[in-house]
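What follows is the content of query.cif (mmCIF, C-alpha atoms).
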```cif
data_work
loop_
_atom_site.group_PDB
_atom_site.id
_atom_site.type_symbol
_atom_site.label_atom_id
_atom_site.label_comp_id
_atom_site.auth_asym_id
_atom_site.auth_seq_id
_atom_site.Cartn_x
_atom_site.Cartn_y
_atom_site.Cartn_z
ATOM 1 C CA MET A 17 103.434 97.223 129.855
ATOM 2 C CA SER A 18 100.541 98.852 131.621
ATOM 3 C CA ALA A 19 99.296 96.353 134.186
ATOM 4 C CA ALA A 20 95.747 97.699 133.886
ATOM 5 C CA ALA A 21 95.473 97.104 130.134
ATOM 6 C CA ASP A 22 93.148 94.285 129.119
ATOM 7 C CA LEU A 23 92.357 94.481 125.449
ATOM 8 C CA GLY A 24 91.303 90.868 125.036
ATOM 9 C CA VAL A 25 91.017 89.273 121.608
ATOM 10 C CA TYR A 26 91.763 91.493 118.617
ATOM 11 C CA LEU A 27 90.445 90.362 115.222
ATOM 12 C CA VAL A 28 92.378 91.317 112.080
ATOM 13 C CA THR A 29 90.280 90.723 108.980
ATOM 14 C CA ASP A 30 91.361 88.808 105.895
ATOM 15 C CA GLY A 31 89.017 88.757 102.924
ATOM 16 C CA ARG A 32 90.482 85.649 101.274
ATOM 17 C CA LEU A 33 90.316 83.577 104.446
ATOM 18 C CA SER A 34 86.855 84.884 105.320
ATOM 19 C CA ASP A 35 85.576 83.668 101.947
ATOM 20 C CA ARG A 36 86.961 80.152 102.494
ATOM 21 C CA HIS A 37 83.622 78.953 103.891
ATOM 22 C CA GLY A 38 81.491 81.526 102.093
ATOM 23 C CA ILE A 39 81.000 83.669 105.200
ATOM 24 C CA GLY A 40 82.716 86.875 104.097
ATOM 25 C CA VAL A 41 84.334 89.612 106.144
ATOM 26 C CA LEU A 42 81.103 91.069 107.508
ATOM 27 C CA GLY A 43 79.834 87.659 108.557
ATOM 28 C CA VAL A 44 83.111 86.862 110.301
ATOM 29 C CA VAL A 45 83.179 90.217 112.079
ATOM 30 C CA ARG A 46 79.584 89.928 113.300
ATOM 31 C CA ALA A 47 80.199 86.410 114.604
ATOM 32 C CA ALA A 48 83.500 87.336 116.239
ATOM 33 C CA VAL A 49 82.061 90.342 118.048
ATOM 34 C CA HIS A 50 79.137 88.219 119.239
ATOM 35 C CA GLY A 51 81.776 85.782 120.503
ATOM 36 C CA GLY A 52 83.444 88.462 122.613
ATOM 37 C CA VAL A 53 86.000 90.158 120.370
ATOM 38 C CA ARG A 54 86.550 93.764 121.487
ATOM 39 C CA LEU A 55 88.803 95.138 118.739
ATOM 40 C CA VAL A 56 88.509 94.740 114.970
ATOM 41 C CA GLN A 57 91.166 95.864 112.525
ATOM 42 C CA VAL A 58 89.985 96.093 108.923
ATOM 43 C CA ARG A 59 92.907 94.945 106.816
ATOM 44 C CA ASP A 60 93.096 94.463 103.049
ATOM 45 C CA LYS A 61 96.522 95.204 101.622
ATOM 46 C CA ASP A 62 95.321 94.906 98.009
ATOM 47 C CA ALA A 63 92.143 97.000 98.176
ATOM 48 C CA SER A 64 91.854 100.422 96.611
ATOM 49 C CA ALA A 65 91.189 103.351 98.927
ATOM 50 C CA ARG A 66 87.581 103.451 97.742
ATOM 51 C CA ASP A 67 87.023 99.734 98.350
ATOM 52 C CA LEU A 68 88.737 99.796 101.743
ATOM 53 C CA LEU A 69 86.594 102.775 102.731
ATOM 54 C CA ALA A 70 83.427 100.912 101.751
ATOM 55 C CA LEU A 71 84.533 97.819 103.689
ATOM 56 C CA SER A 72 85.567 99.798 106.760
ATOM 57 C CA ALA A 73 82.274 101.701 106.798
ATOM 58 C CA ALA A 74 80.309 98.463 106.435
ATOM 59 C CA VAL A 75 82.232 96.816 109.269
ATOM 60 C CA ALA A 76 81.783 99.827 111.540
ATOM 61 C CA ASP A 77 78.067 99.966 110.791
ATOM 62 C CA ALA A 78 77.704 96.230 111.457
ATOM 63 C CA VAL A 79 79.572 96.426 114.769
ATOM 64 C CA GLY A 80 78.145 99.676 116.105
ATOM 65 C CA ASP A 81 79.403 100.399 119.602
ATOM 66 C CA ARG A 82 79.985 96.753 120.546
ATOM 67 C CA ALA A 83 83.672 96.805 119.550
ATOM 68 C CA THR A 84 86.377 99.241 118.505
ATOM 69 C CA VAL A 85 86.983 99.326 114.738
ATOM 70 C CA VAL A 86 90.250 100.580 113.247
ATOM 71 C CA VAL A 87 91.646 100.677 109.723
ATOM 72 C CA ASP A 88 94.978 99.060 108.896
ATOM 73 C CA ASP A 89 97.643 101.364 107.405
ATOM 74 C CA ARG A 90 95.370 103.891 105.687
ATOM 75 C CA LEU A 91 94.997 107.103 107.660
ATOM 76 C CA ASP A 92 93.153 108.672 104.721
ATOM 77 C CA VAL A 93 90.523 105.940 104.792
ATOM 78 C CA ALA A 94 90.063 106.238 108.558
ATOM 79 C CA LEU A 95 89.625 109.991 108.266
ATOM 80 C CA ALA A 96 87.156 109.627 105.392
ATOM 81 C CA ALA A 97 85.083 107.067 107.299
ATOM 82 C CA ARG A 98 84.993 109.239 110.396
ATOM 83 C CA SER A 99 84.031 112.319 108.381
ATOM 84 C CA ALA A 100 81.053 110.354 107.047
ATOM 85 C CA ALA A 101 79.981 109.595 110.643
ATOM 86 C CA HIS A 102 80.883 105.903 110.621
ATOM 87 C CA LEU A 103 82.090 104.609 113.996
ATOM 88 C CA VAL A 104 85.701 104.052 112.961
ATOM 89 C CA ALA A 105 87.876 104.711 116.001
ATOM 90 C CA GLY A 106 91.139 105.286 114.179
ATOM 91 C CA VAL A 107 94.035 103.536 112.531
ATOM 92 C CA HIS A 108 96.753 100.948 113.040
ATOM 93 C CA LEU A 109 99.999 101.947 111.346
ATOM 94 C CA GLY A 110 103.116 100.110 110.274
ATOM 95 C CA GLN A 111 106.641 101.414 110.521
ATOM 96 C CA SER A 112 106.608 102.598 106.895
ATOM 97 C CA ASP A 113 103.220 104.322 107.070
ATOM 98 C CA VAL A 114 102.351 107.922 107.988
ATOM 99 C CA PRO A 115 104.094 108.844 111.276
ATOM 100 C CA VAL A 116 101.955 108.203 114.336
ATOM 101 C CA GLY A 117 102.377 111.817 115.469
ATOM 102 C CA VAL A 118 100.748 113.006 112.266
ATOM 103 C CA ALA A 119 97.946 110.487 112.674
ATOM 104 C CA ARG A 120 97.302 111.634 116.230
ATOM 105 C CA ALA A 121 97.260 115.298 115.192
ATOM 106 C CA LEU A 122 94.755 114.665 112.404
ATOM 107 C CA LEU A 123 92.541 112.175 114.224
ATOM 108 C CA GLY A 124 92.454 114.022 117.532
ATOM 109 C CA PRO A 125 93.077 113.062 121.151
ATOM 110 C CA ASP A 126 90.103 110.719 121.516
ATOM 111 C CA ALA A 127 90.830 108.565 118.470
ATOM 112 C CA HIS A 128 92.682 105.244 118.455
ATOM 113 C CA VAL A 129 96.234 105.120 117.082
ATOM 114 C CA GLY A 130 98.028 101.776 117.033
ATOM 115 C CA LEU A 131 101.523 101.016 115.792
ATOM 116 C CA THR A 132 103.376 97.872 114.776
ATOM 117 C CA ALA A 133 106.649 97.458 116.689
ATOM 118 C CA ASN A 134 109.021 94.513 116.742
ATOM 119 C CA THR A 135 112.454 95.797 117.801
ATOM 120 C CA PRO A 136 113.966 97.681 120.751
ATOM 121 C CA GLU A 137 114.640 100.548 118.345
ATOM 122 C CA HIS A 138 110.936 100.815 117.570
ATOM 123 C CA LEU A 139 110.162 100.958 121.278
ATOM 124 C CA ALA A 140 112.808 103.621 121.841
ATOM 125 C CA ALA A 141 111.220 105.769 119.129
ATOM 126 C CA VAL A 142 107.801 105.379 120.766
ATOM 127 C CA ALA A 143 109.262 106.394 124.138
ATOM 128 C CA ARG A 144 110.395 109.694 122.626
ATOM 129 C CA LEU A 145 106.870 110.592 121.513
ATOM 130 C CA PRO A 146 104.534 112.720 123.636
ATOM 131 C CA HIS A 147 102.585 110.628 126.107
ATOM 132 C CA GLY A 148 99.332 109.373 124.609
ATOM 133 C CA THR A 149 100.456 109.472 120.987
ATOM 134 C CA VAL A 150 100.151 105.688 120.664
ATOM 135 C CA ASP A 151 97.358 103.678 122.287
ATOM 136 C CA LEU A 152 98.704 100.200 121.655
ATOM 137 C CA LEU A 153 101.588 98.380 120.013
ATOM 138 C CA GLY A 154 101.178 95.346 117.793
ATOM 139 C CA VAL A 155 104.239 93.262 118.664
ATOM 140 C CA GLY A 156 105.305 90.283 116.569
ATOM 141 C CA VAL A 157 105.455 88.115 114.840
ATOM 142 C CA VAL A 158 105.185 85.548 117.603
ATOM 143 C CA HIS A 159 105.454 82.612 115.180
ATOM 144 C CA PRO A 160 106.123 82.382 111.436
ATOM 145 C CA THR A 161 102.909 83.040 109.539
ATOM 146 C CA ALA A 162 101.576 82.517 106.043
ATOM 147 C CA THR A 163 99.360 85.611 106.005
ATOM 148 C CA LYS A 164 102.233 88.082 105.912
ATOM 149 C CA ALA A 165 105.079 86.980 103.667
ATOM 150 C CA ASP A 166 107.405 89.844 104.605
ATOM 151 C CA HIS A 167 107.181 89.418 108.365
ATOM 152 C CA PRO A 168 110.276 89.940 110.553
ATOM 153 C CA PRO A 169 111.975 87.056 112.407
ATOM 154 C CA ALA A 170 109.638 85.333 114.853
ATOM 155 C CA LEU A 171 109.962 86.458 118.481
ATOM 156 C CA GLY A 172 108.463 83.479 120.288
ATOM 157 C CA HIS A 173 106.961 83.942 123.740
ATOM 158 C CA GLU A 174 110.249 84.993 125.336
ATOM 159 C CA GLY A 175 111.066 87.566 122.679
ATOM 160 C CA PHE A 176 107.599 89.022 122.986
ATOM 161 C CA ALA A 177 107.959 89.187 126.776
ATOM 162 C CA ARG A 178 111.235 91.136 126.505
ATOM 163 C CA LEU A 179 109.671 93.767 124.268
ATOM 164 C CA ALA A 180 106.450 94.044 126.278
ATOM 165 C CA ALA A 181 108.456 94.573 129.475
ATOM 166 C CA ALA A 182 110.411 97.414 127.862
ATOM 167 C CA THR A 183 107.444 99.734 127.232
ATOM 168 C CA GLU A 184 104.542 101.267 129.138
ATOM 169 C CA VAL A 185 102.350 101.123 126.022
ATOM 170 C CA PRO A 186 99.985 98.105 126.013
ATOM 171 C CA CYS A 187 101.269 95.389 123.680
ATOM 172 C CA VAL A 188 99.090 93.081 121.608
ATOM 173 C CA ALA A 189 100.777 89.878 120.448
ATOM 174 C CA ILE A 190 100.356 89.086 116.756
ATOM 175 C CA GLY A 191 101.619 86.531 114.296
ATOM 176 C CA GLY A 192 100.718 82.849 114.255
ATOM 177 C CA VAL A 193 98.777 83.067 117.522
ATOM 178 C CA THR A 194 96.824 79.876 118.296
ATOM 179 C CA LEU A 195 94.686 78.881 121.271
ATOM 180 C CA ASP A 196 97.700 77.239 122.901
ATOM 181 C CA ASP A 197 99.557 80.563 122.787
ATOM 182 C CA VAL A 198 96.938 82.663 124.561
ATOM 183 C CA ALA A 199 97.735 81.843 128.190
ATOM 184 C CA PRO A 200 101.549 81.960 127.766
ATOM 185 C CA LEU A 201 101.317 85.292 125.957
ATOM 186 C CA ARG A 202 99.118 86.809 128.644
ATOM 187 C CA ALA A 203 101.634 85.568 131.225
ATOM 188 C CA ALA A 204 104.379 87.149 129.099
ATOM 189 C CA GLY A 205 102.766 90.577 129.444
ATOM 190 C CA ALA A 206 100.380 90.749 126.494
ATOM 191 C CA ALA A 207 97.501 93.194 126.862
ATOM 192 C CA GLY A 208 95.711 91.263 124.137
ATOM 193 C CA VAL A 209 96.155 88.757 121.328
ATOM 194 C CA ALA A 210 95.548 89.480 117.646
ATOM 195 C CA VAL A 211 94.087 86.677 115.562
ATOM 196 C CA VAL A 212 93.620 86.372 111.818
ATOM 197 C CA SER A 213 93.443 82.781 110.566
ATOM 198 C CA GLY A 214 92.190 81.275 113.811
ATOM 199 C CA ILE A 215 88.925 83.184 113.365
ATOM 200 C CA CYS A 216 88.713 84.250 109.707
ATOM 201 C CA ALA A 217 89.465 80.777 108.313
ATOM 202 C CA ALA A 218 87.191 78.942 110.742
ATOM 203 C CA ALA A 219 84.029 77.216 109.574
ATOM 204 C CA ASP A 220 82.338 78.678 112.668
ATOM 205 C CA PRO A 221 84.104 81.979 113.400
ATOM 206 C CA GLY A 222 81.794 82.802 116.300
ATOM 207 C CA SER A 223 82.677 79.605 118.157
ATOM 208 C CA SER A 224 86.342 80.101 117.349
ATOM 209 C CA ALA A 225 86.263 83.669 118.662
ATOM 210 C CA ALA A 226 84.484 82.481 121.819
ATOM 211 C CA ALA A 227 87.195 79.865 122.336
ATOM 212 C CA PHE A 228 89.939 82.500 122.092
ATOM 213 C CA VAL A 229 88.021 84.755 124.486
ATOM 214 C CA ALA A 230 87.593 81.878 126.937
ATOM 215 C CA ALA A 231 91.309 81.114 126.731
ATOM 216 C CA TRP A 232 92.117 84.779 127.393
ATOM 217 C CA THR A 233 89.763 85.198 130.337
ATOM 218 C CA GLY A 234 90.833 81.852 131.762
ATOM 219 C CA ALA A 235 94.431 83.100 131.797
ATOM 220 C CA GLY A 236 93.486 86.203 133.790
ATOM 221 C CA PRO A 237 94.561 87.130 137.306
ATOM 222 C CA ALA A 238 91.535 85.591 138.995
ATOM 223 C CA GLY A 239 92.140 82.168 137.465
ATOM 224 C CA ASP A 240 88.434 81.845 136.729
ATOM 225 C CA PRO A 241 87.885 80.096 133.376
ATOM 226 C CA LEU A 242 84.899 82.336 132.670
ATOM 227 C CA GLY A 243 86.608 85.538 133.751
ATOM 228 C CA HIS A 244 84.277 86.180 136.712
ATOM 229 C CA GLY A 245 86.045 88.247 139.331
ATOM 230 C CA SER A 246 88.704 89.535 136.943
ATOM 231 C CA ASP A 247 89.871 93.077 137.550
ATOM 232 C CA GLY A 248 89.669 93.805 133.827
ATOM 233 C CA PRO A 249 86.607 95.040 131.971
ATOM 234 C CA PRO A 250 83.876 92.415 131.492
ATOM 235 C CA ASP A 251 83.633 90.560 128.206
ATOM 236 C CA ARG A 252 80.633 91.340 126.039
ATOM 237 C CA ARG A 253 79.768 87.651 125.931
ATOM 238 C CA ARG A 254 80.551 85.094 128.630
ATOM 239 C CA VAL A 255 81.385 81.614 127.451
ATOM 240 C CA GLY A 256 79.475 78.958 129.350
ATOM 241 C CA PRO A 257 79.368 75.154 129.333
ATOM 242 C CA GLY A 258 76.675 75.063 126.648
ATOM 243 C CA ASP A 259 78.614 77.119 124.121
ATOM 244 C CA PRO A 260 80.087 75.305 121.119
ATOM 245 C CA PHE A 261 83.836 75.415 120.691
ATOM 246 C CA LEU A 262 85.782 75.094 117.484
ATOM 247 C CA LEU A 263 87.841 71.927 117.780
ATOM 248 C CA ASP A 264 89.851 72.249 114.613
ATOM 249 C CA VAL A 265 91.284 75.747 114.980
ATOM 250 C CA ALA A 266 93.779 76.768 112.296
ATOM 251 C CA THR A 267 97.150 75.130 112.766
ATOM 252 C CA ARG A 268 100.271 77.169 113.352
ATOM 253 C CA ASP A 269 101.366 76.691 109.732
ATOM 254 C CA GLU A 270 98.224 78.509 108.590
ATOM 255 C CA ALA A 271 98.212 80.978 111.430
ATOM 256 C CA ASP A 272 97.958 84.687 111.187
ATOM 257 C CA ALA A 273 100.056 87.794 111.122
#
```
What is this structure when it is put down as structure tokens?
Amino acid sequence: MSAAADLGVYLVTDGRLSDRHGIGVLGVVRAAVHGGVRLVQVRDKDASARDLLALSAAVADAVGDRATVVVDDRLDVALAARSAAHLVAGVHLGQSDVPVGVARALLGPDAHVGLTANTPEHLAAVARLPHGTVDLLGVGVVHPTATKADHPPALGHEGFARLAAATEVPCVAIGGVTLDDVAPLRAAGAAGVAVVSGICAAADPGSSAAAFVAAWTGAGPAGDPLGHGSDGPPDRRRVGPGDPFLLDVATRDEADA
């Protein structure tokens, strides 16, 4: 893994979970970005292309330049949003989606292209691609998760560490990630942690996001719980003693993919 990569907390949206407390996807995204989230993946496996385009455009417009917004799976939707001048950075693809080389060719060199990878064979295929084809790898699942029924066997912290050490592409840990996992995963080589339930299902997603950000920055090289003095890029929002924290974050059984 690239030692310089520091992608922080990566929110993956879930419409059903975001509606649990009547907040909705846009409300969750706004709160999470205010809490320090740097990357937002718009994911809705059941949405039509038209509906996913509308959601992705709305998320991008709500976030502006405060975080990177990507679309899950649908290269066509990402291209359509970008052609309409919405600040959608690119796409995150699964192993059965459009090949990442095609996505890179169509999106261009400055776009974001992410890829899900969970086996040594996946990493070997990435290594054969031209340098710069893939910006980050989503590696998991770390723990079993209820938000993705067809997930592969759980890797745990050690399994994640083995895969992250085998590639130069920054790896974001995903799948059942809770607050207790953040520091061990950063120590295991994660460039970031992806969270679904821990933020989307929270009654106060902004406080939950801030708690994940604080856990990430506190696990950084400087050992400073607020991230001051870290070599990585500064967080958009520093978490201080007066900030509320979510005490009842989603349990591992409800955790995300």
So what does the PyMOL selection byres ((chain A and resi 96) around 12) actually pick up in this one, as a JSON list (two decimals) with C-alpha atoms, keeping the file's coordinate frame?
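That gives us selection.json:
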```json
[["chain", "number", "residue", "atom", "x", "y", "z"],
["A", 65, "ALA", "CA", 91.19, 103.35, 98.93],
["A", 66, "ARG", "CA", 87.58, 103.45, 97.74],
["A", 68, "LEU", "CA", 88.74, 99.80, 101.74],
["A", 69, "LEU", "CA", 86.59, 102.78, 102.73],
["A", 70, "ALA", "CA", 83.43, 100.91, 101.75],
["A", 72, "SER", "CA", 85.57, 99.80, 106.76],
["A", 73, "ALA", "CA", 82.27, 101.70, 106.80],
["A", 87, "VAL", "CA", 91.65, 100.68, 109.72],
["A", 90, "ARG", "CA", 95.37, 103.89, 105.69],
["A", 91, "LEU", "CA", 95.00, 107.10, 107.66],
["A", 92, "ASP", "CA", 93.15, 108.67, 104.72],
["A", 93, "VAL", "CA", 90.52, 105.94, 104.79],
["A", 94, "ALA", "CA", 90.06, 106.24, 108.56],
["A", 95, "LEU", "CA", 89.62, 109.99, 108.27],
["A", 97, "ALA", "CA", 85.08, 107.07, 107.30],
["A", 98, "ARG", "CA", 84.99, 109.24, 110.40],
["A", 99, "SER", "CA", 84.03, 112.32, 108.38],
["A", 100, "ALA", "CA", 81.05, 110.35, 107.05],
["A", 101, "ALA", "CA", 79.98, 109.60, 110.64],
["A", 102, "HIS", "CA", 80.88, 105.90, 110.62],
["A", 103, "LEU", "CA", 82.09, 104.61, 114.00],
["A", 104, "VAL", "CA", 85.70, 104.05, 112.96],
["A", 105, "ALA", "CA", 87.88, 104.71, 116.00],
["A", 106, "GLY", "CA", 91.14, 105.29, 114.18],
["A", 107, "VAL", "CA", 94.04, 103.54, 112.53],
["A", 122, "LEU", "CA", 94.76, 114.66, 112.40],
["A", 123, "LEU", "CA", 92.54, 112.18, 114.22]]
```
- prompt: What lies within 9 Å of stretch 211-217 of chain A using only C-alpha atoms, ignoring chain neighbours under 4 positions off, as a ChimeraX atom specification?
  reply: /A:25-37,39-41,44-45,48,163,189-195,221-225,228,265-267,270-273
message: My list of candidates is A:Val150, A:Leu201, A:Leu42, A:Ala170. Which is closest to A:Gly130 when distances are computed with all atoms listed in the file?
response: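 Using all atoms listed in the file, A:Gly130 sits closest to A:Val150.
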field: Result set of the PyMOL selection byres ((chain A and resi 177-182) around 12) on the coordinates above, as a count of residues only
entry: 42
query: Rounded to one decimal in Å, what is the spacing between atom CA of A:Thr132 and atom CA of A:Leu109?
result: 6.3 Å
- request: Would you work out the distance separating atom CA of A:Asp220 from atom CA of A:Asp22, expressed in Å to one decimal?
  value: 25.1 Å
